[in-house]
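Here is the file run37.txt (compact mmCIF, C-alpha atoms and all ligand atoms).
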```
# COMPACT_ATOMS: atom_id res chain seq x y z
CA MET A 239 0.00 0.00 0.00
CA PHE A 240 1.03 3.61 -0.36
CA ILE A 241 -0.50 7.04 0.03
CA LYS A 242 -0.47 8.94 -3.21
CA GLU A 243 -2.29 12.11 -2.46
CA LEU A 244 -3.56 13.98 0.58
CA HIS A 245 -5.71 17.04 0.70
CA LEU A 246 -6.32 18.70 4.08
CA LEU A 247 -8.91 21.26 4.93
CA ASN A 248 -9.14 22.76 8.43
CA PHE A 249 -7.36 19.79 9.92
CA ARG A 250 -5.42 20.80 13.08
CA ASN A 251 -3.17 23.71 12.12
CA TYR A 252 -3.57 23.08 8.39
CA GLU A 253 -5.95 25.46 6.74
CA ARG A 254 -5.65 24.08 3.25
CA GLU A 255 -2.92 21.88 1.85
CA GLU A 256 -2.50 19.51 -1.06
CA LEU A 257 0.31 17.01 -1.13
CA GLN A 258 1.57 14.28 -3.43
CA PHE A 259 3.62 11.34 -2.20
CA GLU A 260 5.52 8.44 -3.72
CA PRO A 261 6.29 4.97 -2.39
CA GLY A 262 9.49 4.77 -0.37
CA ILE A 263 10.76 6.99 2.41
CA CYS A 264 9.27 10.38 3.01
CA VAL A 265 10.85 12.63 5.63
CA ILE A 266 8.79 15.38 7.22
CA ARG A 267 11.08 18.05 8.65
CA GLY A 268 10.47 21.20 10.57
CA ASP A 269 10.87 22.96 13.90
CA ASN A 270 8.81 22.07 16.94
CA GLY A 271 5.12 22.85 16.87
CA GLN A 272 4.88 23.44 13.12
CA GLY A 273 2.60 20.57 12.14
CA LYS A 274 4.71 17.47 11.50
CA SER A 275 2.77 15.17 13.81
CA ASN A 276 -0.46 16.72 12.59
CA LEU A 277 0.39 15.67 9.06
CA LEU A 278 1.01 12.07 10.13
CA GLU A 279 -2.21 12.20 12.09
CA ALA A 280 -4.05 13.28 8.95
CA ILE A 281 -2.64 10.32 7.02
CA TYR A 282 -3.78 7.94 9.74
CA CYS A 283 -7.14 9.63 9.97
CA LEU A 284 -7.64 9.37 6.23
CA CYS A 285 -7.31 5.59 6.49
CA PHE A 286 -9.09 4.89 9.77
CA ALA A 287 -11.23 7.99 10.32
CA ARG A 288 -9.76 8.59 13.77
CA SER A 289 -6.52 9.71 15.36
CA PHE A 290 -3.66 7.52 16.49
CA ARG A 291 -3.14 9.89 19.35
CA ASN A 292 -5.67 9.89 22.16
CA TYR A 293 -7.58 12.96 21.26
CA LYS A 294 -11.16 13.92 21.05
CA GLU A 295 -12.54 14.23 17.57
CA ASN A 296 -13.23 17.94 18.02
CA ASP A 297 -9.55 18.61 18.72
CA LEU A 298 -8.76 17.64 15.16
CA VAL A 299 -10.82 20.49 13.76
CA ARG A 300 -8.84 23.66 13.16
CA TRP A 301 -9.67 26.19 15.84
CA ASP A 302 -12.57 28.52 15.07
CA THR A 303 -13.68 26.54 12.06
CA PRO A 304 -16.76 24.29 11.91
CA TYR A 305 -15.38 21.13 10.31
CA TYR A 306 -12.39 19.31 8.94
CA TYR A 307 -12.22 17.50 5.64
CA LEU A 308 -9.58 15.10 4.39
CA ARG A 309 -9.40 13.65 0.95
CA GLY A 310 -6.80 11.35 -0.47
CA THR A 311 -5.87 8.61 -2.83
CA ILE A 312 -4.23 5.43 -1.69
CA PHE A 313 -2.96 2.46 -3.61
CA LEU A 314 -4.14 -0.79 -2.06
CA GLN A 315 -4.65 -4.30 -3.38
CA GLN A 316 -3.62 -3.42 -6.91
CA ARG A 317 -5.85 -0.41 -7.32
CA PHE A 318 -6.38 3.18 -6.27
CA TYR A 319 -9.00 4.15 -3.72
CA LYS A 320 -10.33 7.62 -3.20
CA LEU A 321 -10.95 8.24 0.49
CA GLU A 322 -12.79 11.09 2.16
CA VAL A 323 -13.33 11.86 5.82
CA GLY A 324 -15.31 14.86 6.94
CA TYR A 325 -16.24 15.85 10.46
CA GLU A 326 -18.55 18.57 11.68
CA ALA A 327 -17.61 19.68 15.18
CA GLN A 328 -20.89 21.09 16.36
CA LYS A 329 -23.09 18.21 15.29
CA LYS A 330 -20.32 15.72 16.03
CA ARG A 331 -21.12 14.21 12.69
CA LYS A 332 -18.61 12.23 10.68
CA VAL A 333 -18.97 11.20 7.08
CA ILE A 334 -16.64 8.66 5.53
CA LYS A 335 -16.58 7.92 1.83
CA ILE A 336 -14.73 5.36 -0.21
CA ASP A 337 -14.76 6.03 -3.93
CA GLY A 338 -17.54 8.52 -3.43
CA LYS A 339 -19.82 6.11 -1.58
CA VAL A 340 -20.73 6.67 2.05
CA VAL A 341 -19.53 3.86 4.27
CA LYS A 342 -20.51 3.19 7.82
CA ARG A 343 -17.58 1.91 9.74
CA ALA A 344 -14.22 3.54 10.17
CA GLY A 345 -13.01 3.68 6.64
CA LEU A 346 -10.59 0.97 5.71
CA GLU A 347 -10.31 -0.74 9.07
CA GLY A 348 -9.27 -4.32 8.57
CA ARG A 349 -7.99 -3.64 5.08
CA CYS A 350 -5.38 -0.96 5.44
CA PRO A 351 -1.92 -2.20 6.40
CA LEU A 352 -0.51 0.63 8.40
CA VAL A 353 1.87 0.46 11.34
CA CYS A 354 2.58 3.49 13.44
CA PHE A 355 5.37 3.91 15.88
CA VAL A 356 5.47 6.75 18.37
CA PRO A 357 7.84 7.42 21.29
CA GLU A 358 5.20 6.30 23.80
CA ASP A 359 5.33 2.85 22.21
CA LEU A 360 9.01 2.61 23.13
CA GLU A 361 7.99 2.82 26.76
CA LEU A 362 5.25 0.24 26.35
CA ILE A 363 6.90 -2.29 28.63
CA ARG A 364 7.48 0.19 31.45
CA ARG A 365 4.04 1.69 31.33
CA GLY A 366 0.85 0.55 33.03
CA PRO A 367 -1.51 -2.20 31.86
CA GLU A 368 -4.02 0.38 30.70
CA GLU A 369 -1.58 1.76 28.13
CA ARG A 370 -0.73 -1.73 26.97
CA ARG A 371 -4.41 -2.51 26.52
CA ARG A 372 -4.87 0.70 24.59
CA PHE A 373 -1.96 -0.28 22.39
CA LEU A 374 -3.49 -3.71 21.77
CA ASP A 375 -6.87 -2.24 21.00
CA ARG A 376 -5.53 0.36 18.61
CA GLU A 377 -3.49 -2.16 16.68
CA ILE A 378 -6.08 -4.90 16.61
CA SER A 379 -8.98 -2.73 15.56
CA GLN A 380 -6.86 -1.85 12.55
CA LEU A 381 -6.54 -5.54 11.75
CA TYR A 382 -10.11 -6.70 12.28
CA PRO A 383 -12.99 -4.51 11.22
CA LEU A 384 -15.39 -5.82 13.87
CA TYR A 385 -13.03 -5.47 16.77
CA GLY A 386 -13.55 -1.75 17.31
CA ASP A 387 -17.29 -2.32 17.40
CA TRP A 388 -17.11 -5.09 19.95
CA LEU A 389 -14.76 -3.03 22.03
CA SER A 390 -16.91 0.06 22.22
CA ARG A 391 -19.98 -2.02 23.02
CA TYR A 392 -18.10 -4.03 25.59
CA ASN A 393 -16.80 -0.88 27.26
CA ARG A 394 -20.26 0.58 27.38
CA VAL A 395 -21.56 -2.52 29.13
CA VAL A 396 -18.72 -2.40 31.67
CA TYR A 397 -19.56 1.22 32.33
CA GLN A 398 -23.26 0.49 32.79
CA LYS A 399 -22.60 -2.53 34.93
CA ASN A 400 -20.28 -0.54 37.17
CA ARG A 401 -22.87 2.16 37.56
CA ALA A 402 -25.52 -0.40 38.39
CA LEU A 403 -23.24 -2.10 40.88
CA LYS A 404 -22.58 1.16 42.60
CA GLU A 405 -26.24 2.10 42.84
CA ASN A 406 -27.76 -1.27 43.59
CA TRP A 407 -25.26 -3.15 45.58
CA HIS A 408 -27.54 -3.26 48.61
CA SER A 409 -30.63 -4.39 46.73
CA ALA A 410 -31.86 -7.90 47.42
CA HIS A 411 -32.32 -8.76 43.75
CA SER A 412 -29.03 -7.49 42.55
CA GLY A 413 -27.83 -10.93 41.55
CA GLU A 414 -30.49 -11.02 38.84
CA PHE A 415 -29.72 -7.71 37.20
CA LEU A 416 -26.06 -8.65 37.01
CA LYS A 417 -26.98 -11.50 34.71
CA VAL A 418 -28.33 -9.09 32.12
CA TRP A 419 -25.06 -7.17 31.91
CA ASN A 420 -22.98 -10.30 32.17
CA LYS A 421 -24.64 -11.88 29.20
CA GLN A 422 -23.48 -9.03 27.01
CA LEU A 423 -20.06 -8.92 28.63
CA ILE A 424 -19.64 -12.58 27.77
CA TYR A 425 -20.75 -12.10 24.19
CA PHE A 426 -18.49 -9.18 23.31
CA GLY A 427 -15.73 -10.00 25.78
CA SER A 428 -15.16 -13.51 24.45
CA ARG A 429 -14.74 -12.19 20.96
CA ILE A 430 -12.29 -9.55 22.15
CA ILE A 431 -10.28 -12.15 24.04
CA LYS A 432 -10.13 -14.50 21.11
CA GLN A 433 -9.04 -11.78 18.72
CA ARG A 434 -6.39 -10.47 21.08
CA ALA A 435 -5.04 -13.96 21.63
CA HIS A 436 -4.72 -14.51 17.90
CA ALA A 437 -3.04 -11.20 17.18
CA VAL A 438 -0.56 -11.49 20.05
CA ALA A 439 0.30 -15.07 19.06
CA ALA A 440 1.00 -14.02 15.48
CA TRP A 441 3.09 -11.00 16.46
CA GLY A 442 4.79 -12.82 19.32
CA LYS A 443 6.14 -15.55 17.11
CA LEU A 444 7.63 -13.10 14.63
CA ALA A 445 8.90 -10.79 17.37
CA ALA A 446 10.74 -13.65 19.06
CA ARG A 447 12.58 -14.39 15.85
CA ASN A 448 13.36 -10.72 15.29
CA TYR A 449 14.73 -10.35 18.78
CA SER A 450 16.97 -13.39 18.44
CA LEU A 451 18.30 -12.00 15.16
CA LEU A 452 19.15 -8.74 16.88
CA PHE A 453 20.91 -10.46 19.77
CA ASN A 454 22.05 -13.82 18.58
CA LYS A 455 23.38 -14.86 21.96
CA GLY A 456 20.94 -12.80 23.92
CA PRO A 457 17.88 -13.76 25.89
CA ARG A 458 14.78 -15.24 24.32
CA LEU A 459 11.81 -12.93 23.92
CA GLN A 460 8.25 -14.07 24.46
CA ILE A 461 5.21 -11.86 24.20
CA LYS A 462 2.15 -13.18 25.92
CA TYR A 463 -1.41 -12.14 26.21
CA VAL A 464 -2.37 -12.27 29.87
CA THR A 465 -6.02 -12.85 30.52
CA PHE A 466 -8.07 -14.15 33.41
CA LEU A 467 -9.00 -17.39 31.63
CA ASN A 468 -6.70 -20.34 32.13
CA LYS A 469 -7.16 -21.84 28.74
CA ASP A 470 -5.42 -22.48 25.50
CA LEU A 471 -7.26 -19.66 23.81
CA LEU A 472 -6.01 -20.41 20.33
CA ALA A 473 -7.32 -23.95 20.40
CA ALA A 474 -10.54 -23.17 22.30
CA GLN A 475 -13.86 -22.97 20.50
CA PRO A 476 -15.80 -19.74 20.98
CA GLU A 477 -18.39 -21.56 23.13
CA GLU A 478 -15.66 -22.83 25.43
CA ILE A 479 -14.37 -19.31 25.98
CA GLU A 480 -17.88 -18.08 26.66
CA ALA A 481 -18.53 -20.89 29.13
CA ALA A 482 -15.28 -20.26 30.99
CA PHE A 483 -15.99 -16.53 31.10
CA LYS A 484 -19.48 -17.21 32.41
CA ALA A 485 -18.17 -19.45 35.16
CA ARG A 486 -15.65 -16.83 36.26
CA LEU A 487 -18.32 -14.14 36.36
CA ALA A 488 -20.61 -16.37 38.42
CA ALA A 489 -17.80 -17.08 40.86
CA ALA A 490 -17.02 -13.38 41.19
CA ALA A 491 -20.61 -12.14 41.48
CA ALA A 492 -20.71 -11.91 45.25
CA GLU A 493 -17.44 -10.03 45.42
CA GLU A 494 -18.48 -7.69 42.62
CA LEU A 495 -21.67 -6.82 44.50
CA GLN A 496 -19.75 -6.27 47.66
CA ARG A 497 -16.99 -4.15 46.16
CA GLY A 498 -19.27 -2.31 43.78
CA PHE A 499 -17.43 -2.68 40.50
CA SER A 500 -16.78 -5.11 37.73
CA LEU A 501 -13.84 -7.40 38.54
CA VAL A 502 -13.68 -9.91 35.72
CA GLY A 503 -13.19 -9.37 32.00
CA PRO A 504 -10.78 -8.42 29.24
CA HIS A 505 -10.86 -4.80 30.42
CA ARG A 506 -8.36 -5.97 33.01
CA ASP A 507 -6.08 -7.98 30.73
CA ASP A 508 -2.46 -7.23 29.99
CA LEU A 509 0.36 -7.89 27.60
CA SER A 510 3.48 -9.41 29.04
CA PHE A 511 7.03 -9.37 27.67
CA LEU A 512 9.36 -12.06 28.93
CA LEU A 513 13.10 -12.32 28.39
CA ASP A 514 14.31 -15.82 29.17
CA GLU A 515 11.04 -16.41 31.01
CA ARG A 516 11.48 -13.36 33.23
CA GLU A 517 9.18 -10.33 33.20
CA ALA A 518 10.99 -7.73 31.09
CA ARG A 519 9.18 -4.98 32.95
CA ARG A 520 10.93 -5.93 36.17
CA TYR A 521 14.27 -7.30 35.07
CA ALA A 522 15.23 -6.14 31.60
CA SER A 523 17.43 -3.11 30.96
CA HIS A 524 15.89 -0.05 29.39
CA GLY A 525 17.69 -0.80 26.13
CA GLN A 526 16.48 -4.40 26.09
CA GLN A 527 12.94 -3.21 26.68
CA ARG A 528 13.15 -0.81 23.77
CA SER A 529 14.61 -3.44 21.49
CA ALA A 530 11.77 -5.77 22.44
CA VAL A 531 9.30 -3.13 21.31
CA ILE A 532 11.19 -2.63 18.04
CA ALA A 533 11.05 -6.42 17.53
CA LEU A 534 7.30 -6.22 18.06
CA LYS A 535 6.91 -3.35 15.58
CA ALA A 536 8.94 -5.33 13.04
CA ALA A 537 6.61 -8.26 13.68
CA GLN A 538 3.59 -6.13 12.89
CA LEU A 539 5.14 -5.05 9.60
CA GLN A 540 6.02 -8.63 8.71
CA HIS A 541 2.57 -9.82 9.67
CA TYR A 542 1.12 -7.46 7.08
CA ASN A 543 3.68 -8.59 4.54
CA GLN A 544 2.53 -12.17 5.04
CA GLN A 545 -0.84 -11.00 3.85
CA LYS A 546 0.87 -9.95 0.64
CA GLU A 547 0.52 -6.23 0.99
CA LYS A 548 3.46 -4.05 1.90
CA PRO A 549 2.42 -1.79 4.75
CA VAL A 550 2.81 1.91 5.33
CA PHE A 551 5.05 2.66 8.30
CA ILE A 552 4.55 5.89 10.22
CA LEU A 553 7.18 7.01 12.71
CA ASP A 554 6.68 10.13 14.73
CA ASP A 555 9.75 11.42 16.59
CA VAL A 556 11.03 7.95 17.26
CA PHE A 557 14.61 8.55 16.16
CA SER A 558 15.40 11.35 18.54
CA GLU A 559 14.60 8.88 21.32
CA LEU A 560 16.97 6.16 20.16
CA ASP A 561 20.64 5.46 20.58
CA ALA A 562 22.76 4.54 17.54
CA GLN A 563 22.28 0.79 17.83
CA ARG A 564 18.52 0.92 18.14
CA ARG A 565 18.34 3.46 15.36
CA GLN A 566 20.00 0.91 13.12
CA GLU A 567 17.52 -1.76 14.29
CA CYS A 568 14.75 0.58 13.41
CA PHE A 569 16.17 1.49 9.98
CA ASN A 570 16.30 -2.20 9.16
CA LEU A 571 12.53 -2.27 9.37
CA PHE A 572 12.19 0.09 6.44
CA LYS A 573 12.73 -2.70 3.97
CA ASP A 574 9.53 -4.38 5.13
CA ALA A 575 7.42 -1.33 4.38
CA GLY A 576 6.09 -0.06 1.06
CA GLN A 577 6.11 3.53 2.24
CA VAL A 578 7.63 5.17 5.30
CA PHE A 579 6.70 8.54 6.77
CA LEU A 580 8.95 9.85 9.46
CA THR A 581 9.35 13.15 11.21
CA MET A 582 12.61 14.85 12.08
CA THR A 583 13.23 18.20 13.65
CA LYS A 584 15.60 20.64 12.06
CA LYS A 585 18.02 20.09 14.91
CA GLU A 586 18.32 16.40 14.14
CA ALA A 587 21.98 15.59 13.42
CA GLY A 588 22.86 13.19 10.66
CA PHE A 589 20.00 14.03 8.36
CA ALA A 590 22.28 14.43 5.35
CA THR A 591 23.89 11.01 5.83
CA PHE A 592 20.49 9.47 6.45
CA ARG A 593 19.20 10.97 3.25
CA GLN A 594 22.12 9.64 1.31
CA GLN A 595 22.17 6.20 2.91
CA PHE A 596 18.53 5.56 2.12
CA ALA A 597 18.30 7.55 -1.09
CA VAL A 598 15.26 9.29 0.38
CA PRO A 599 13.05 10.31 -2.53
CA SER A 600 10.97 12.96 -0.81
CA VAL A 601 11.47 15.46 1.93
CA PHE A 602 8.84 17.92 3.08
CA HIS A 603 9.51 20.98 5.09
CA VAL A 604 6.70 21.93 7.45
CA GLN A 605 6.23 25.42 8.77
CA ARG A 606 3.16 26.90 10.43
CA GLY A 607 0.76 24.43 8.90
CA ARG A 608 2.21 24.49 5.39
CA ALA A 609 4.23 21.68 3.85
CA ARG A 610 6.70 22.38 1.08
CA ARG A 611 8.67 19.82 -0.87
CA GLU A 612 12.41 20.25 -0.38
CA GLU A 613 14.70 19.66 -3.29
N1 LIG B 701 -7.24 22.03 16.35
C1 LIG B 701 -6.17 22.81 16.10
N2 LIG B 701 -6.32 23.95 15.40
C2 LIG B 701 -5.25 24.74 15.15
N3 LIG B 701 -4.01 24.47 15.57
C3 LIG B 701 -3.81 23.35 16.27
C4 LIG B 701 -4.88 22.46 16.56
N4 LIG B 701 -4.39 21.43 17.26
C5 LIG B 701 -3.08 21.65 17.39
N5 LIG B 701 -2.71 22.80 16.81
C6 LIG B 701 -1.38 23.39 16.73
O1 LIG B 701 -0.54 22.52 16.02
C7 LIG B 701 0.77 22.66 16.50
C8 LIG B 701 1.38 21.33 16.83
O2 LIG B 701 1.59 20.67 15.68
P1 LIG B 701 2.37 19.28 15.72
O3 LIG B 701 2.02 18.50 16.93
O4 LIG B 701 2.14 18.65 14.43
O5 LIG B 701 3.84 19.81 15.87
P2 LIG B 701 5.19 19.10 15.45
O6 LIG B 701 5.68 19.76 14.21
O7 LIG B 701 4.98 17.64 15.42
O8 LIG B 701 6.12 19.53 16.64
P3 LIG B 701 7.15 18.68 17.52
O9 LIG B 701 8.42 18.70 16.77
O10 LIG B 701 7.26 19.47 18.77
O11 LIG B 701 6.59 17.33 17.72
C9 LIG B 701 0.74 23.43 17.77
O12 LIG B 701 1.33 24.66 17.55
C10 LIG B 701 -0.72 23.53 18.09
O13 LIG B 701 -0.97 24.76 18.67
MG MG B 702 5.40 16.15 16.75
```
Write-out of the structure in structure tokens:
Amino acid sequence: MFIKELHLLNFRNYEREELQFEPGICVIRGDNGQGKSNLLEAIYCLCFARSFRNYKENDLVRWDTPYYYLRGTIFLQQRFYKLEVGYEAQKKRKVIKIDGKVVKRAGLEGRCPLVCFVPEDLELIRRGPEERRRFLDREISQLYPLYGDWLSRYNRVVYQKNRALKENWHSAHSGEFLKVWNKQLIYFGSRIIKQRAHAVAAWGKLAARNYSLLFNKGPRLQIKYVTFLNKDLLAAQPEEIEAAFKARLAAAAAEELQRGFSLVGPHRDDLSFLLDEREARRYASHGQQRSAVIALKAAQLQHYNQQKEKPVFILDDVFSELDAQRRQECFNLFKDAGQVFLTMTKKEAGFATFRQQFAVPSVFHVQRGRARREE
């Protein structure tokens, strides 16, 4: 896949901009606060109709304007697609079109091979379980079109159940009302669990190989999905997962009523990185942790490649965070991508050598919400 064309209107600090891209590496340069990340965000938003950063939709609309509009052309599965995303801030109304036809769900979710890598990802192992879940959810909803749906419905049920638990914990019939919420938790939750297990297994296998290539005598990396069900999730039938989930909820019901919030479900799951069977979060060096994340990012790129479509790789500010060795690890990933967008500040040393080494075809210079091609 590659992005060929992007047209921005009132998106973040871009008033109006039209850009053409080619496959290969594209460097976005500029000083701080000029609109480099915003441009990457627009590319992501064109494909998935939402941001990769955790922002509210309204934040994407240029201040004091009523809407944003993105239009672009991407090359995917041997043909060009025209994509449009428009969002009206006041009505909170979003319209997504593919080839001029209105589509319901987030654009090309499930079809668009795009991997993004931001400095926060580098700290994934050190951060809390909530961030790791958010990472999982972001990446998996890109892979499977239904996942985002299940997730938002699941989260709504957790929210409602928690509210009900808080308000009704003293009621005599509370056991009954729990069943209503739990039924839905089981339905959506089991699907989420299954999908997460599959994605992590696929990435984990590739990441382990990548890590051992980076450190041929080093420790062995394993990435595991940690959930409350003690089961071989990959082999389990959907009904088995549902039954196990149901049993756990039944066992926890009394405690949930007593404590007043929902205790069991994939909203409390985690992702675990092990180096030679030990928790990387507790024992690995900072550098090892970062390399493990790079191995995971590489795995995501390769996973897309296995599906016979070269992905787009978006890197925002990652290089300034890396030492020389990990920079090289990261550069090695470029070969697995069809198109790479990366940001660099003007202060970044070594840009000239980088440009030469990779024969970078396009460089854009961003200043106050305008992007100009540099010769
Ligand atoms: N909705 C918006 N409307 C107008 N301007 C906005 C909006 N949201 C953010 N901005 C402006 O966009 C600028 C930030 O752009 P961006 O995050 O892309 O910077 P950057 O070039 O990536 O900088 P850095 O190198 O520091 O990461 C800020 O100056 C901010 O004030
Ligand atoms: Mg930025």
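Note that atom CA of A:Gly442 and atom CA of A:Glu477 are 25.1 Å apart.
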(request) Please check which protein, DNA or RNA residues sit within 9 Å of ligand LIG 701 (chain B), counting all atoms listed in the file, and write them as a ChimeraX atom specification. (result) /A:248-253,266-279,296-303,554-555,581-584,604-607
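Closest approach to ligand MG 702 (chain B) from the set A:Val396, A:Val556, A:Leu246, A:Leu346 is made by A:Val556, with distances taken over all atoms listed in the file.
The interatomic distance for the pair atom CA of A:Glu613 and atom CA of A:Tyr319 works out to 28.3 Å.
Proximity ranking of A:Leu403, A:Leu553, A:Phe426, A:Thr465 relative to ligand MG 702 (chain B) places A:Leu553 first, based on only C-alpha atoms and all ligand atoms.
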I'd like the neighbourhood of A:Phe290 as a PDB file with C-alpha atoms, in the coordinates of the input, where a residue qualifies if any of its atoms comes within 10 Å (using all atoms listed in the file), though same-chain residues fewer than 4 positions away should be ignored.
```pdb
ATOM      1  CA  LEU A 278       1.010  12.070  10.130  1.00  0.00           C
ATOM      2  CA  GLU A 279      -2.210  12.200  12.090  1.00  0.00           C
ATOM      3  CA  ALA A 280      -4.050  13.280   8.950  1.00  0.00           C
ATOM      4  CA  ILE A 281      -2.640  10.320   7.020  1.00  0.00           C
ATOM      5  CA  TYR A 282      -3.780   7.940   9.740  1.00  0.00           C
ATOM      6  CA  CYS A 283      -7.140   9.630   9.970  1.00  0.00           C
ATOM      7  CA  PHE A 286      -9.090   4.890   9.770  1.00  0.00           C
ATOM      8  CA  CYS A 354       2.580   3.490  13.440  1.00  0.00           C
ATOM      9  CA  PHE A 355       5.370   3.910  15.880  1.00  0.00           C
ATOM     10  CA  VAL A 356       5.470   6.750  18.370  1.00  0.00           C
ATOM     11  CA  PHE A 373      -1.960  -0.280  22.390  1.00  0.00           C
ATOM     12  CA  ARG A 376      -5.530   0.360  18.610  1.00  0.00           C
ATOM     13  CA  GLU A 377      -3.490  -2.160  16.680  1.00  0.00           C
TER      14      GLU A 377
END
```
(message) Measuring between all atoms listed in the file, which one of A:Pro504, A:Arg291, A:Val438, A:Leu560 shows the shortest distance to ligand MG 702 (chain B)?
(response) A:Arg291
